[in-house]
Amino acid sequence: MPTQPTGHAPPSSYSTASPETVMTTREAFLRVFPGVMVAMFLAAADQTILASALPTIASSLGGLADISWVVVAYLLAATIAAPLYGHLGDRFGRRRMLLAALAVFTLASLACALAPSLLLLICARAVQGLGGGGLMTLAQALIGEHVSPRERGRFSGYFATVFALASTSGPVLGAYLTEHLSWRAVFAVNLPLGVIAAGLALRVPQAPIVRAGKFRPDIVGALLFSLATLALLFALSSGGHRFAWLSWEFAVLAAAALTGYALLVRWERRAADPVIPIRFLAVPAIIRSDALVVCFAAALFSTILYLPLYLQLGRGLGIGQSGLLLLPITLSMVTASAVTGRLVTRTGHVTIFPQLGLGLATVTYLALAASLTVAPTSVVLALTVAIGIGLGMVMPPTQVTVQLAAGRASLGAATASISLSRAVGGAAGVAVAGAILFALIGSGGGLSAVGFRQIMEGGPAYVGLLSPNERAALAAHLDHAYRVVFLVIAGVTAVGAFIARTIPPPDWSQRGDSADNAH
């Protein structure tokens, strides 16, 4: 009897999960999905919920030049935490570790709400990210643990929908809380939601632990990765306004990052329990999918975080309005993710969707850059709808590709590699976009060079005090800066589309643990 062709769905009886833990689609949707959905929503929303509140926080606590680290600290900590939780979940149980991550996240949210200074807020955000990184990784791994591969496309669509909804509605919620209560309410709202998430997570069955043997924490690997990533992101976020791109400071930081990553690869190849799954570098489907996710996350987070700022300062909209105007991209991403997930499950075709989605996003970012100066706000929002559709087609098939290529024995590490890639891409995207904006605005002269700090700290209220000529000059300068940002993002999504073309389609007939065999 001939096997099914590569790229088509496997028989429904095929499952890499243990028989004791596999559920029907209905059982998994009713029992497992709610238990991980709220946790994942919290982690994803907190990556973008401050987008509309950043000017208010800068005004309240000061430190405008370092305000982006309120976001980057969370993303960086989540980056570090993702692989740690992936391995800990494999060793000690994923539900148990999910509850631990929720505890860290919720307590850190309380510390953020009470932070009296920007430095303490950044530190609390870093701790919050240590919990948030675990929520993202373990939520997806738990679905892979209880759902057969045939249905993972559908649930990956659900997950991508939740992620898109949380990421893009975060600024809306943040804007509402900041405008009507306080920026501190943005963090305080996590307290009751964290308790609800923990209660729902307790309903998820505790599956048998897959991996055996003594667990050896990879402290050296974690330190190397943390220091290298910190150096890289500090260089990217500081270039152009703390020091010049061609300065010795930037060169030293870049060299330190490259050296740290080189030492990391060498160390992890010998580590018994590597914090970074280096063996995945030998699996084309995994390493290329992870690179694709980096491009996706860089485009998504830079757009979601800096678009409200442009609408506030460049178009004169209020905090609440700028947050609500992210709804078009939210709804389009949600719809595209859900539809793509179902199509993956129904057809078995996987790699075509990221190619089409990132191709569409590239064309739309180019159109946005070309028309930003003359386009009315309604046209700008219409273009963001097309961007949302394109980005919404990426994550569901990519999640399926990586999990199938890794096999069940490496499910936690494979899921962590996706979360890791998403966090690295998001942090890098935010840092690069912020660096470009500061560099271009700081070199503009006149109002932009002298008064931009006051404009940022004062937000729309300060913009309203400017004369018509000053507002027109500010809008023109912001248009130029954001045009460059959108062109850069278009380049990133174009690279992602090219990478998507090189990802081998999954062989549904393979039932072994591909990544482990490659080790």
# chains A, B, ... in the order shown; residues from 1 in each chain; ligands from 1
call {"tool": "residues_around", "arguments": {"residues": "Pro171 of chain A", "least_positions_apart": "5", "cutoff": "8 Å", "atoms": "only C-alpha atoms", "output": "list in words"}}
result
Thr48, Ile49, Leu50, Ala51, Ser52, Ala53, Ile304, Leu305, Pro308, Gly323 and Leu326 of chain A
call {"tool": "residues_around", "arguments": {"residues": "Phe250 of chain A", "least_positions_apart": "6", "cutoff": "9 Å", "atoms": "only C-alpha atoms", "output": "list in words"}}
result
Ala235, Leu236, Ser238, Gly239, Phe243 and Ala244 of chain A
call {"tool": "write_last_selection", "arguments": {"atoms": "N, CA and C atoms", "output": "compact mmCIF listing (two decimals), in the first residue's frame"}}
result
# COMPACT_ATOMS: atom_id res chain seq x y z
N ALA A 235 23.24 47.22 22.02
CA ALA A 235 23.88 47.87 20.87
C ALA A 235 22.83 48.36 19.87
N LEU A 236 21.84 47.53 19.59
CA LEU A 236 20.81 47.89 18.61
C LEU A 236 19.95 49.04 19.10
N SER A 238 20.73 51.33 21.32
CA SER A 238 21.48 52.53 21.66
C SER A 238 22.13 53.20 20.46
N GLY A 239 22.34 52.45 19.38
CA GLY A 239 22.98 53.01 18.21
C GLY A 239 22.19 54.17 17.62
N PHE A 243 25.19 56.43 21.23
CA PHE A 243 26.48 56.52 20.54
C PHE A 243 26.25 56.25 19.06
N ALA A 244 27.21 56.65 18.24
CA ALA A 244 27.07 56.52 16.79
C ALA A 244 27.16 55.06 16.37
call {"tool": "atom_distance", "arguments": {"atom1": "atom CA of Thr351 of chain A", "atom2": "atom CA of Ile503 of chain A"}}
result
6.8 Å
